file target01.csv (CSV, C-alpha atoms and all ligand atoms)
chain,number,residue,atom,x,y,z
A,507,MET,CA,-20.5,40.2,-84.3
A,508,THR,CA,-21.4,36.9,-82.9
A,509,ASP,CA,-24.4,36.5,-85.3
A,510,LYS,CA,-21.8,35.9,-88.0
A,511,ILE,CA,-20.5,32.8,-86.1
A,512,HIS,CA,-22.3,29.6,-86.8
A,513,ILE,CA,-21.4,27.1,-84.1
A,514,PRO,CA,-22.0,23.5,-84.8
A,515,ASN,CA,-25.2,21.9,-83.5
A,516,VAL,CA,-24.4,20.0,-80.4
A,517,VAL,CA,-25.9,16.5,-80.2
A,518,VAL,CA,-27.2,16.1,-76.6
A,519,PRO,CA,-27.2,12.4,-75.6
A,520,PRO,CA,-30.1,10.9,-73.5
A,521,HIS,CA,-29.5,10.6,-69.8
A,522,PRO,CA,-27.7,7.3,-69.3
A,523,GLU,CA,-29.7,4.6,-67.6
A,524,TRP,CA,-27.5,2.7,-65.2
A,525,PRO,CA,-28.7,-0.7,-63.9
A,526,LYS,CA,-30.1,-0.2,-60.4
A,527,LEU,CA,-27.9,-1.7,-57.7
A,528,SER,CA,-29.1,-3.0,-54.4
A,529,GLU,CA,-27.4,-1.5,-51.3
A,530,ALA,CA,-25.4,-4.7,-50.9
A,531,GLU,CA,-24.2,-4.6,-54.5
A,532,LYS,CA,-23.3,-1.0,-54.1
A,533,ALA,CA,-21.3,-1.7,-51.0
A,534,THR,CA,-19.4,-4.5,-52.7
A,535,LEU,CA,-18.6,-2.3,-55.7
A,536,LYS,CA,-17.4,0.5,-53.5
A,537,GLU,CA,-15.1,-1.9,-51.6
A,538,LYS,CA,-13.7,-3.1,-54.9
A,539,ILE,CA,-13.1,0.5,-56.0
A,540,LYS,CA,-11.3,1.3,-52.8
A,541,ARG,CA,-9.0,-1.7,-53.2
A,542,LEU,CA,-8.3,-0.8,-56.8
A,543,LEU,CA,-7.6,2.8,-55.9
A,544,LYS,CA,-4.9,1.7,-53.5
A,545,LYS,CA,-3.5,-0.9,-55.8
A,546,GLN,CA,-3.2,1.6,-58.7
A,547,ASP,CA,-1.9,4.4,-56.5
A,548,ALA,CA,-4.8,6.4,-57.6
A,549,VAL,CA,-7.0,9.2,-56.2
A,550,LEU,CA,-10.6,10.0,-57.2
A,551,VAL,CA,-11.4,13.6,-58.1
A,552,ALA,CA,-15.1,14.2,-58.6
A,553,HIS,CA,-17.2,17.1,-59.7
A,554,TYR,CA,-20.2,18.4,-57.7
A,555,TYR,CA,-22.5,17.4,-60.6
A,556,THR,CA,-21.6,13.7,-60.6
A,557,ASP,CA,-23.7,11.0,-58.9
A,558,SER,CA,-23.7,11.3,-55.1
A,559,ALA,CA,-22.2,7.8,-54.7
A,560,LEU,CA,-19.1,8.9,-56.6
A,561,GLN,CA,-18.9,12.2,-54.6
A,562,ASN,CA,-19.1,10.3,-51.3
A,563,LEU,CA,-16.6,7.7,-52.4
A,564,ALA,CA,-14.1,10.4,-53.5
A,565,GLU,CA,-14.3,12.0,-50.0
A,566,GLU,CA,-14.2,8.6,-48.2
A,567,THR,CA,-11.0,7.6,-50.0
A,568,GLY,CA,-9.0,10.9,-49.5
A,569,GLY,CA,-9.9,12.3,-52.9
A,570,CYS,CA,-11.9,15.4,-53.5
A,571,VAL,CA,-15.3,16.7,-54.6
A,572,ALA,CA,-15.0,20.2,-56.1
A,573,ASP,CA,-15.7,22.6,-58.8
A,574,SER,CA,-13.4,22.6,-61.9
A,575,LEU,CA,-10.9,25.1,-60.4
A,576,GLU,CA,-10.4,23.1,-57.2
A,577,MET,CA,-10.3,19.8,-59.2
A,578,ALA,CA,-7.4,21.2,-61.2
A,579,ARG,CA,-5.6,22.4,-58.1
A,580,PHE,CA,-6.1,19.2,-56.2
A,581,GLY,CA,-4.4,17.0,-58.8
A,582,THR,CA,-1.3,19.2,-58.6
A,583,THR,CA,-0.9,18.8,-54.9
A,584,HIS,CA,-1.8,15.1,-54.4
A,585,LYS,CA,1.0,12.6,-54.4
A,586,ALA,CA,-0.9,9.8,-56.2
A,587,SER,CA,0.6,8.8,-59.6
A,588,THR,CA,-2.9,8.2,-61.1
A,589,LEU,CA,-5.7,10.7,-61.1
A,590,VAL,CA,-9.2,9.4,-61.8
A,591,VAL,CA,-11.4,12.3,-62.9
A,592,ALA,CA,-15.1,11.8,-62.6
A,593,GLY,CA,-16.5,14.6,-64.5
A,594,VAL,CA,-16.4,15.7,-68.2
A,595,ARG,CA,-13.6,15.6,-70.7
A,596,PHE,CA,-12.2,19.1,-70.3
A,597,MET,CA,-11.7,18.3,-66.6
A,598,GLY,CA,-9.6,15.2,-67.4
A,599,GLU,CA,-7.7,17.2,-70.0
A,600,THR,CA,-7.0,20.0,-67.6
A,601,SER,CA,-5.7,17.5,-65.0
A,602,LYS,CA,-3.4,16.0,-67.6
A,603,ILE,CA,-2.2,19.4,-68.7
A,604,LEU,CA,-1.2,20.3,-65.2
A,605,ASN,CA,0.1,16.9,-64.3
A,606,ASN,CA,1.7,15.6,-67.5
A,607,GLU,CA,3.8,13.1,-65.7
A,608,LYS,CA,0.8,11.5,-64.1
A,609,ARG,CA,-1.7,9.0,-65.5
A,610,VAL,CA,-5.2,10.4,-65.8
A,611,LEU,CA,-8.1,8.1,-66.3
A,612,MET,CA,-11.8,8.9,-66.8
A,613,PRO,CA,-14.8,6.6,-66.4
A,614,ASP,CA,-16.1,7.6,-69.8
A,615,LEU,CA,-14.1,9.6,-72.4
A,616,ALA,CA,-17.2,10.4,-74.3
A,617,ALA,CA,-18.5,12.5,-71.4
A,618,THR,CA,-18.2,16.0,-72.9
A,619,CYS,CA,-19.8,19.4,-72.5
A,620,SER,CA,-22.0,21.5,-74.8
A,621,LEU,CA,-19.7,24.4,-74.3
A,622,ASP,CA,-16.6,22.4,-75.4
A,623,GLU,CA,-18.5,20.8,-78.3
A,624,GLY,CA,-19.8,24.2,-79.4
A,625,CYS,CA,-16.4,25.7,-79.6
A,626,PRO,CA,-14.3,23.8,-82.2
A,627,TYR,CA,-10.7,24.9,-82.4
A,628,GLU,CA,-10.6,26.0,-86.1
A,629,LEU,CA,-13.6,28.2,-85.9
A,630,PHE,CA,-12.6,29.7,-82.6
A,631,ALA,CA,-9.0,30.3,-83.8
A,632,SER,CA,-10.3,32.2,-86.8
A,633,PHE,CA,-12.5,34.3,-84.6
A,634,CYS,CA,-9.4,35.1,-82.5
A,635,ASP,CA,-7.3,35.8,-85.6
A,636,GLU,CA,-9.9,38.4,-86.7
A,637,HIS,CA,-9.4,40.3,-83.5
A,638,PRO,CA,-5.7,40.4,-82.8
A,639,ASP,CA,-6.0,43.4,-80.5
A,640,HIS,CA,-8.2,41.5,-78.0
A,641,THR,CA,-7.1,39.5,-75.0
A,642,VAL,CA,-8.5,36.0,-75.4
A,643,VAL,CA,-10.2,34.7,-72.3
A,644,VAL,CA,-11.7,31.2,-72.4
A,645,TYR,CA,-13.8,29.4,-69.9
A,646,ALA,CA,-12.3,26.1,-68.5
A,647,ASN,CA,-15.0,24.2,-70.4
A,648,THR,CA,-13.0,24.1,-73.6
A,649,SER,CA,-10.6,21.7,-75.3
A,650,ALA,CA,-6.9,21.7,-74.7
A,651,ARG,CA,-6.3,23.3,-78.2
A,652,VAL,CA,-8.7,26.1,-77.5
A,653,LYS,CA,-7.0,26.7,-74.1
A,654,ALA,CA,-3.7,26.8,-75.9
A,655,ARG,CA,-5.0,29.5,-78.2
A,656,SER,CA,-6.0,31.7,-75.2
A,657,ASP,CA,-4.2,34.2,-73.0
A,658,TRP,CA,-6.3,33.4,-69.9
A,659,VAL,CA,-8.4,30.4,-68.8
A,660,VAL,CA,-11.1,31.2,-66.2
A,661,THR,CA,-13.6,29.2,-64.2
A,662,SER,CA,-16.9,30.6,-63.1
A,663,GLY,CA,-15.4,31.1,-59.6
A,664,ILE,CA,-12.6,33.4,-60.8
A,665,ALA,CA,-14.0,34.9,-64.0
A,666,LEU,CA,-15.2,38.1,-62.4
A,667,PRO,CA,-12.0,39.3,-60.7
A,668,ILE,CA,-9.9,38.3,-63.8
A,669,ILE,CA,-12.1,40.3,-66.2
A,670,ARG,CA,-12.2,43.2,-63.8
A,671,HIS,CA,-8.4,43.1,-63.6
A,672,LEU,CA,-8.1,43.1,-67.4
A,673,ALA,CA,-10.7,45.8,-67.8
A,674,GLU,CA,-8.9,48.1,-65.3
A,675,LYS,CA,-5.8,47.7,-67.5
A,676,GLY,CA,-7.9,48.9,-70.5
A,677,GLU,CA,-7.7,45.5,-72.3
A,678,LYS,CA,-10.3,44.6,-74.9
A,679,ILE,CA,-11.6,41.0,-74.3
A,680,LEU,CA,-12.6,38.2,-76.6
A,681,TRP,CA,-14.6,35.9,-74.5
A,682,GLY,CA,-15.6,32.3,-75.1
A,683,PRO,CA,-17.5,30.1,-75.1
A,684,ASP,CA,-20.4,30.7,-72.6
A,685,ARG,CA,-22.2,33.8,-73.7
A,686,HIS,CA,-24.4,34.0,-70.6
A,687,LEU,CA,-21.5,34.0,-68.2
A,688,GLY,CA,-19.7,36.4,-70.5
A,689,HIS,CA,-22.6,38.9,-70.5
A,690,TYR,CA,-23.0,38.6,-66.8
A,691,VAL,CA,-19.4,39.4,-66.2
A,692,GLN,CA,-19.5,42.3,-68.7
A,693,LYS,CA,-22.5,43.8,-66.9
A,694,LEU,CA,-20.7,43.8,-63.6
A,695,THR,CA,-17.3,45.0,-64.8
A,696,GLY,CA,-18.1,47.3,-67.7
A,697,ALA,CA,-15.4,45.5,-69.7
A,698,GLU,CA,-15.2,45.9,-73.5
A,699,MET,CA,-16.0,42.4,-74.7
A,700,ILE,CA,-16.9,40.4,-77.7
A,701,PHE,CA,-18.5,37.0,-77.3
A,702,TRP,CA,-18.4,33.5,-78.7
A,703,PRO,CA,-22.1,32.4,-78.9
A,704,GLY,CA,-21.9,29.1,-76.8
A,705,SER,CA,-24.1,28.0,-74.0
A,706,CYS,CA,-24.7,25.2,-71.5
A,707,VAL,CA,-27.6,23.0,-72.4
A,708,VAL,CA,-28.4,22.4,-68.7
A,709,HIS,CA,-28.4,25.9,-67.4
A,710,GLU,CA,-30.2,27.3,-70.4
A,711,GLU,CA,-33.2,25.1,-69.4
A,712,PHE,CA,-34.1,27.1,-66.4
A,713,ARG,CA,-37.2,29.1,-67.1
A,714,ALA,CA,-37.6,32.7,-65.8
A,715,VAL,CA,-41.4,32.8,-65.8
A,716,ALA,CA,-41.8,29.5,-64.0
A,717,LEU,CA,-39.2,30.7,-61.6
A,718,GLU,CA,-41.2,33.8,-60.8
A,719,ARG,CA,-44.2,31.6,-60.1
A,720,LEU,CA,-42.2,29.4,-57.8
A,721,ARG,CA,-40.8,32.4,-55.9
A,722,LYS,CA,-44.4,33.5,-55.2
A,723,VAL,CA,-45.2,30.1,-53.7
A,724,HIS,CA,-41.9,30.2,-51.6
A,725,PRO,CA,-41.5,33.9,-50.9
A,726,ASP,CA,-38.8,33.3,-48.2
A,727,ALA,CA,-36.7,31.1,-50.3
A,728,ALA,CA,-33.3,32.4,-51.4
A,729,VAL,CA,-32.7,32.0,-55.1
A,730,LEU,CA,-29.3,30.6,-56.0
A,731,VAL,CA,-28.2,30.8,-59.7
A,732,HIS,CA,-25.2,29.7,-61.6
A,733,PRO,CA,-24.1,32.4,-64.1
A,734,GLU,CA,-24.4,30.0,-67.1
A,735,SER,CA,-28.1,30.6,-66.8
A,736,THR,CA,-30.0,33.1,-68.9
A,737,GLU,CA,-30.1,36.8,-68.0
A,738,ALA,CA,-33.8,36.7,-67.0
A,739,VAL,CA,-33.1,33.9,-64.5
A,740,ILE,CA,-29.9,35.6,-63.2
A,741,ALA,CA,-32.0,38.7,-62.7
A,742,GLN,CA,-34.1,36.9,-60.1
A,743,ALA,CA,-31.2,35.6,-58.0
A,744,ASP,CA,-30.3,36.4,-54.5
A,745,VAL,CA,-26.9,34.8,-55.1
A,746,VAL,CA,-25.1,34.3,-58.5
A,747,GLY,CA,-22.0,32.3,-58.3
A,748,SER,CA,-19.9,29.2,-59.0
A,749,THR,CA,-20.9,25.8,-57.6
A,750,THR,CA,-18.6,26.5,-54.6
A,751,ALA,CA,-20.2,29.9,-54.0
A,752,LEU,CA,-23.7,28.4,-54.2
A,753,ILE,CA,-22.8,25.7,-51.7
A,754,GLU,CA,-21.3,28.3,-49.3
A,755,ALA,CA,-24.5,30.4,-49.7
A,756,VAL,CA,-26.7,27.5,-48.5
A,757,ALA,CA,-24.5,27.0,-45.5
A,758,LYS,CA,-24.3,30.7,-44.6
A,759,LEU,CA,-27.6,32.3,-45.4
A,760,PRO,CA,-30.2,32.3,-42.7
A,761,ASN,CA,-33.0,31.2,-45.1
A,762,ARG,CA,-34.6,27.8,-44.5
A,763,GLU,CA,-35.6,27.3,-48.2
A,764,PHE,CA,-33.5,27.6,-51.4
A,765,ILE,CA,-34.4,27.5,-55.0
A,766,VAL,CA,-31.4,26.3,-56.8
A,767,ALA,CA,-30.7,26.9,-60.5
A,768,THR,CA,-27.8,24.6,-61.4
A,769,ASP,CA,-27.3,20.9,-61.9
A,770,LYS,CA,-29.1,19.0,-59.2
A,771,GLY,CA,-26.0,16.8,-58.5
A,772,ILE,CA,-25.0,19.8,-56.3
A,773,PHE,CA,-27.7,18.9,-53.8
A,774,ASN,CA,-25.6,16.1,-52.4
A,775,LYS,CA,-22.9,18.6,-51.1
A,776,MET,CA,-25.6,21.2,-50.1
A,777,ARG,CA,-27.3,18.6,-47.9
A,778,GLN,CA,-24.0,17.8,-46.3
A,779,VAL,CA,-23.2,21.4,-45.4
A,780,ALA,CA,-26.7,22.4,-44.5
A,781,PRO,CA,-28.6,19.3,-43.4
A,782,GLY,CA,-31.8,21.0,-42.1
A,783,LYS,CA,-32.4,23.2,-45.1
A,784,ILE,CA,-35.0,22.7,-47.9
A,785,LEU,CA,-33.7,22.6,-51.4
A,786,LEU,CA,-36.0,23.2,-54.4
A,787,GLU,CA,-35.0,22.7,-58.0
A,788,ALA,CA,-35.5,25.8,-60.1
A,789,PRO,CA,-38.1,25.0,-62.8
A,790,THR,CA,-36.9,23.8,-66.3
A,791,VAL,CA,-38.8,23.1,-69.5
A,792,GLY,CA,-39.8,19.8,-68.0
A,793,GLU,CA,-39.3,16.1,-68.6
A,794,GLY,CA,-42.4,15.9,-70.9
A,795,ALA,CA,-41.3,18.7,-73.2
A,796,THR,CA,-38.2,18.9,-75.5
A,797,CYS,CA,-36.0,19.0,-72.5
A,798,GLN,CA,-32.8,16.9,-72.8
A,799,SER,CA,-31.1,18.1,-69.7
A,800,CYS,CA,-33.6,19.1,-67.0
A,801,ALA,CA,-31.1,20.3,-64.5
A,802,TYR,CA,-29.1,17.2,-64.8
A,803,CYS,CA,-26.1,17.1,-67.2
A,804,PRO,CA,-26.3,14.0,-69.4
A,805,TRP,CA,-22.5,14.0,-69.8
A,806,MET,CA,-21.9,14.2,-66.0
A,807,GLY,CA,-24.4,11.3,-65.8
A,808,MET,CA,-22.0,9.1,-67.8
A,809,ASN,CA,-19.9,8.6,-64.6
A,810,SER,CA,-21.0,5.7,-62.4
A,811,LEU,CA,-19.6,3.3,-59.8
A,812,GLN,CA,-19.8,0.6,-62.5
A,813,ASN,CA,-17.6,2.3,-65.1
A,814,LEU,CA,-15.3,3.7,-62.5
A,815,ALA,CA,-14.5,0.2,-61.3
A,816,GLU,CA,-14.1,-1.0,-64.9
A,817,VAL,CA,-11.6,1.7,-65.7
A,818,LEU,CA,-9.5,1.1,-62.6
A,819,GLU,CA,-9.4,-2.6,-63.4
A,820,SER,CA,-8.5,-2.3,-67.1
A,821,GLY,CA,-6.6,1.0,-67.1
A,822,LYS,CA,-8.5,2.0,-70.3
A,823,ASN,CA,-9.8,5.5,-70.9
A,824,GLU,CA,-6.5,7.2,-70.3
A,825,VAL,CA,-6.5,10.9,-71.2
A,826,HIS,CA,-3.7,11.9,-73.5
A,827,VAL,CA,-2.6,15.4,-74.3
A,828,SER,CA,0.7,15.8,-76.2
A,829,ALA,CA,3.6,17.3,-74.2
A,830,GLU,CA,3.8,20.2,-76.7
A,831,LEU,CA,0.1,21.0,-76.5
A,832,ALA,CA,0.1,20.6,-72.7
A,833,GLU,CA,2.9,23.1,-72.5
A,834,LYS,CA,1.0,25.7,-74.4
A,835,ALA,CA,-2.3,25.1,-72.7
A,836,ARG,CA,-0.6,25.2,-69.3
A,837,ILE,CA,0.4,28.8,-69.6
A,838,PRO,CA,-3.1,30.4,-69.5
A,839,ILE,CA,-4.3,27.8,-66.9
A,840,ARG,CA,-1.3,28.6,-64.6
A,841,ARG,CA,-2.0,32.3,-65.1
A,842,MET,CA,-5.4,31.7,-63.7
A,843,LEU,CA,-4.2,29.6,-60.8
A,844,ASP,CA,-1.5,32.1,-59.9
A,845,PHE,CA,-4.0,34.9,-60.1
A,846,ALA,CA,-6.3,33.0,-57.7
A,847,GLU,CA,-3.4,32.4,-55.4
A,848,ASN,CA,-2.4,36.0,-55.4
A,849,LEU,CA,-6.0,37.1,-55.0
A,850,LYS,CA,-6.1,35.1,-51.8
A,851,ARG,CA,-3.0,36.8,-50.6
A,852,GLY,CA,-4.1,40.2,-51.7
A,853,VAL,CA,-1.4,40.6,-54.4
A,854,CYS,CA,-2.0,42.1,-57.8
A,855,ILE,CA,-0.5,40.3,-60.9
A,856,SER,CA,0.4,41.5,-64.3
A,857,SER,CA,-1.1,40.1,-67.5
A,858,PRO,CA,0.8,38.9,-70.6
A,859,SER,CA,2.2,41.8,-72.5
A,860,GLY,CA,0.2,42.9,-75.5
A,861,SER,CA,-2.8,40.8,-74.5
B,901,LIG,S1,-23.6,21.2,-66.9
B,901,LIG,FE1,-23.3,22.4,-68.8
B,901,LIG,S2,-21.3,23.4,-68.5
B,901,LIG,FE2,-21.4,21.7,-67.0
B,901,LIG,S3,-20.5,19.9,-68.2
B,901,LIG,FE3,-22.7,19.8,-68.5
B,901,LIG,S4,-23.1,20.9,-70.4
B,901,LIG,FE4,-21.0,21.5,-69.7

call {"tool": "encode", "arguments": {"input": "target01.csv", "output": "structure tokens", "more": "lines below"}}
Ligand code: SF4
result
Amino acid sequence: MTDKIHIPNVVVPPHPEWPKLSEAEKATLKEKIKRLLKKQDAVLVAHYYTDSALQNLAEETGGCVADSLEMARFGTTHKASTLVVAGVRFMGETSKILNNEKRVLMPDLAATCSLDEGCPYELFASFCDEHPDHTVVVYANTSARVKARSDWVVTSGIALPIIRHLAEKGEKILWGPDRHLGHYVQKLTGAEMIFWPGSCVVHEEFRAVALERLRKVHPDAAVLVHPESTEAVIAQADVVGSTTALIEAVAKLPNREFIVATDKGIFNKMRQVAPGKILLEAPTVGEGATCQSCAYCPWMGMNSLQNLAEVLESGKNEVHVSAELAEKARIPIRRMLDFAENLKRGVCISSPSGS
């Protein structure tokens, strides 16, 4: 099925090289950003994979550092009239969709994601049209148009219970775009699923054989893996989960050492929650090979203190999603948020009829 789909080649940019700032320059820039955030009635929402300076600043200024599910939720509850999203484009779009009346700014609108880029609307919509009897479930890492074409949006933190819920209702699922996460969820739920053949260029870099070798050198280390990784890497994990789940695992597990297979930006939060623990990067192809990601997302790397300050000063890089598109895309996102809320409270929810 998926071998018939030819997704476009995703051009992966080189990692951005930001001018090195001295500690004094950094402090001045941070003070400037703090002033601008106040002046613009803005709050900073940063992803775990962004630069640690941005993550720390978000927390110091009353914003949040989170996974994409929490980032989406945070914007809806905060009173600021401007949300500044340090992350990648789909995160800014999701914030705009859920907060259409607010201004949403991003340090760089070109910061995208290989999953989003590899799932263009027209191709994906035809795939859906070919399978009208399937419930369309898309990962949050997609464009507003793709979300609007779906029945459910999920993040890695909520994918498993939602697919289990749909499978128990006997629904057939069309899943996109991350095939590794899709296969992982299918394995655990037994759901009947067809897949869009997308992948994350960062998580696909982790190497199973090298990981086996590293585990032998550190036999007591717990292996933490994000489910966008390949099956052979996931098979070696002690914990498979979303960024939030992996951070919780570092804090809760008794191990002293951890091998972490996800973007290394997450180490900042892991060090905060578990200061004494030793964090090792899971092996990738390596800087000297064809690797273009090496456990560090080049698009997340497009966010810096410098362009954050610029954007707050100029008001450029505003995210726009038309009201009509936002209304359509909001339905499957809200469905996910309501499901997550009900899950917390132990309530079961119904899915859209016929999907
Ligand atoms: S780490 Fe992967 S999934 Fe996350 S934004 Fe980068 S390319 Fe997309």

call {"tool": "closest_atom_pairs", "arguments": {"input": "target01.csv", "of": "chain A", "to": "ligand LIG 901 (chain B)", "cutoff": "8 Å", "atoms": "only C-alpha atoms and all ligand atoms", "output": "JSON lines"}}
result
{"residue": "A:Tyr555", "atom": "CA", "partner": "B:LIG901", "partner_atom": "S1", "distance": 7.4}
{"residue": "A:Gly593", "atom": "CA", "partner": "B:LIG901", "partner_atom": "S3", "distance": 7.6}
{"residue": "A:Val594", "atom": "CA", "partner": "B:LIG901", "partner_atom": "S3", "distance": 5.9}
{"residue": "A:Thr618", "atom": "CA", "partner": "B:LIG901", "partner_atom": "S3", "distance": 6.5}
{"residue": "A:Cys619", "atom": "CA", "partner": "B:LIG901", "partner_atom": "FE4", "distance": 3.7}
{"residue": "A:Ser620", "atom": "CA", "partner": "B:LIG901", "partner_atom": "S4", "distance": 4.6}
{"residue": "A:Leu621", "atom": "CA", "partner": "B:LIG901", "partner_atom": "FE4", "distance": 5.6}
{"residue": "A:Asp622", "atom": "CA", "partner": "B:LIG901", "partner_atom": "FE4", "distance": 7.3}
{"residue": "A:Asn647", "atom": "CA", "partner": "B:LIG901", "partner_atom": "FE4", "distance": 6.6}
{"residue": "A:Ser705", "atom": "CA", "partner": "B:LIG901", "partner_atom": "FE1", "distance": 7.7}
{"residue": "A:Cys706", "atom": "CA", "partner": "B:LIG901", "partner_atom": "FE1", "distance": 4.1}
{"residue": "A:Val707", "atom": "CA", "partner": "B:LIG901", "partner_atom": "S4", "distance": 5.4}
{"residue": "A:Val708", "atom": "CA", "partner": "B:LIG901", "partner_atom": "FE1", "distance": 5.1}
{"residue": "A:His709", "atom": "CA", "partner": "B:LIG901", "partner_atom": "FE1", "distance": 6.3}
{"residue": "A:Glu734", "atom": "CA", "partner": "B:LIG901", "partner_atom": "S2", "distance": 7.4}
{"residue": "A:Thr768", "atom": "CA", "partner": "B:LIG901", "partner_atom": "S1", "distance": 7.7}
{"residue": "A:Asp769", "atom": "CA", "partner": "B:LIG901", "partner_atom": "S1", "distance": 6.2}
{"residue": "A:Ala801", "atom": "CA", "partner": "B:LIG901", "partner_atom": "S1", "distance": 7.9}
{"residue": "A:Tyr802", "atom": "CA", "partner": "B:LIG901", "partner_atom": "S1", "distance": 7.1}
{"residue": "A:Cys803", "atom": "CA", "partner": "B:LIG901", "partner_atom": "FE3", "distance": 4.5}
{"residue": "A:Pro804", "atom": "CA", "partner": "B:LIG901", "partner_atom": "FE3", "distance": 6.9}
{"residue": "A:Trp805", "atom": "CA", "partner": "B:LIG901", "partner_atom": "FE3", "distance": 5.9}
{"residue": "A:Met806", "atom": "CA", "partner": "B:LIG901", "partner_atom": "FE3", "distance": 6.2}

call {"tool": "atom_distance", "arguments": {"input": "target01.csv", "atom1": "CA of Ala743 in chain A", "atom2": "CA of Ala755 in chain A"}}
result
11.9 Å

call {"tool": "closest_residue", "arguments": {"input": "target01.csv", "among": "A:Arg762, A:Arg713, A:Lys775, A:Lys653", "to": "His553 in chain A", "atoms": "only C-alpha atoms"}}
result
A:Lys775

call {"tool": "atom_distance", "arguments": {"input": "target01.csv", "atom1": "CA of Thr749 in chain A", "atom2": "CA of Trp658 in chain A"}}
result
20.5 Å

call {"tool": "residues_around", "arguments": {"input": "target01.csv", "residues": "Gly747 in chain A", "least_positions_apart": "3", "cutoff": "9 Å", "atoms": "all atoms listed in the file", "output": "PDB file with C-alpha atoms, in the coordinates of the input"}}
result
ATOM      1  CA  SER A 662     -16.900  30.600 -63.100  1.00  0.00           C
ATOM      2  CA  GLY A 663     -15.400  31.100 -59.600  1.00  0.00           C
ATOM      3  CA  LEU A 730     -29.300  30.600 -56.000  1.00  0.00           C
ATOM      4  CA  VAL A 731     -28.200  30.800 -59.700  1.00  0.00           C
ATOM      5  CA  HIS A 732     -25.200  29.700 -61.600  1.00  0.00           C
ATOM      6  CA  PRO A 733     -24.100  32.400 -64.100  1.00  0.00           C
ATOM      7  CA  THR A 750     -18.600  26.500 -54.600  1.00  0.00           C
ATOM      8  CA  ALA A 751     -20.200  29.900 -54.000  1.00  0.00           C
ATOM      9  CA  LEU A 752     -23.700  28.400 -54.200  1.00  0.00           C
TER      10      LEU A 752
END

call {"tool": "residues_around", "arguments": {"input": "target01.csv", "residues": "range 509-520 of chain A", "least_positions_apart": "4", "cutoff": "8 Å", "atoms": "all atoms listed in the file", "output": "list of chain:residue names"}}
result
A:Ser620, A:Glu623, A:Gly624, A:Cys625, A:Trp702, A:Pro703, A:Gly704, A:Gln798, A:Pro804, A:Trp805

call {"tool": "closest_residue", "arguments": {"input": "target01.csv", "among": "A:Ile700, A:Ala741, A:Ala559, A:Ile837", "to": "Leu717 in chain A", "atoms": "only C-alpha atoms"}}
result
A:Ala741

call {"tool": "closest_residue", "arguments": {"input": "target01.csv", "among": "A:Ala728, A:Val660, A:Phe596, A:Ala738", "to": "Leu785 in chain A", "atoms": "only C-alpha atoms"}}
result
A:Ala728

call {"tool": "residues_around", "arguments": {"input": "target01.csv", "residues": "Leu814 in chain A", "least_positions_apart": "3", "cutoff": "6 Å", "atoms": "only C-alpha atoms", "output": "list in words"}}
result
Pro613, Leu811 and Val817 of chain A

call {"tool": "residues_near_point", "arguments": {"input": "target01.csv", "point": "(-7.1, 22.8, -60.8)", "cutoff": "9 Å", "atoms": "only C-alpha atoms", "output": "ChimeraX atom specification"}}
result
/A:573-582,597,600-601,604,839,843

call {"tool": "closest_residue", "arguments": {"input": "target01.csv", "among": "A:Val715, A:Gln812, A:Phe633, A:Gln742", "to": "Lys536 in chain A", "atoms": "all atoms listed in the file"}}
result
A:Gln812

call {"tool": "closest_residue", "arguments": {"input": "target01.csv", "among": "A:Thr661, A:Ser828, A:Gln692, A:Asn809", "to": "Val590 in chain A", "atoms": "only C-alpha atoms"}}
result
A:Asn809

call {"tool": "closest_residue", "arguments": {"input": "target01.csv", "among": "A:Val610, A:Ile668, A:Val644, A:Leu720", "to": "Asp684 in chain A", "atoms": "only C-alpha atoms"}}
result
A:Val644

call {"tool": "atom_distance", "arguments": {"input": "target01.csv", "atom1": "CA of Pro781 in chain A", "atom2": "CA of Glu710 in chain A"}}
result
28.2 Å

call {"tool": "residues_around", "arguments": {"input": "target01.csv", "residues": "Asn774 in chain A", "least_positions_apart": "5", "cutoff": "9 Å", "atoms": "only C-alpha atoms", "output": "list of chain:residue names"}}
result
A:Tyr554, A:Tyr555, A:Asp557, A:Ser558, A:Gln561, A:Asn562

call {"tool": "decode", "arguments": {"input": "target01.csv", "residues": "range 831-837 of chain A", "atoms": "N, CA and C atoms", "output": "tab-separated table (two decimals), in the first residue's frame"}}
result
chain	number	residue	atom	x	y	z
A	831	LEU	N	-9.93	27.78	7.78
A	831	LEU	CA	-9.06	26.60	7.93
A	831	LEU	C	-8.88	26.26	9.41
A	832	ALA	N	-8.70	27.30	10.22
A	832	ALA	CA	-8.51	27.07	11.66
A	832	ALA	C	-9.73	26.36	12.25
A	833	GLU	N	-10.90	26.76	11.80
A	833	GLU	CA	-12.12	26.16	12.33
A	833	GLU	C	-12.16	24.65	12.04
A	834	LYS	N	-11.76	24.31	10.80
A	834	LYS	CA	-11.77	22.88	10.41
A	834	LYS	C	-10.68	22.11	11.16
A	835	ALA	N	-9.48	22.70	11.25
A	835	ALA	CA	-8.37	21.99	11.88
A	835	ALA	C	-8.54	21.88	13.39
A	836	ARG	N	-9.32	22.82	13.95
A	836	ARG	CA	-9.51	22.82	15.40
A	836	ARG	C	-10.31	21.59	15.86
A	837	ILE	N	-11.17	21.09	14.98
A	837	ILE	CA	-12.06	19.98	15.39
A	837	ILE	C	-11.25	18.75	15.82
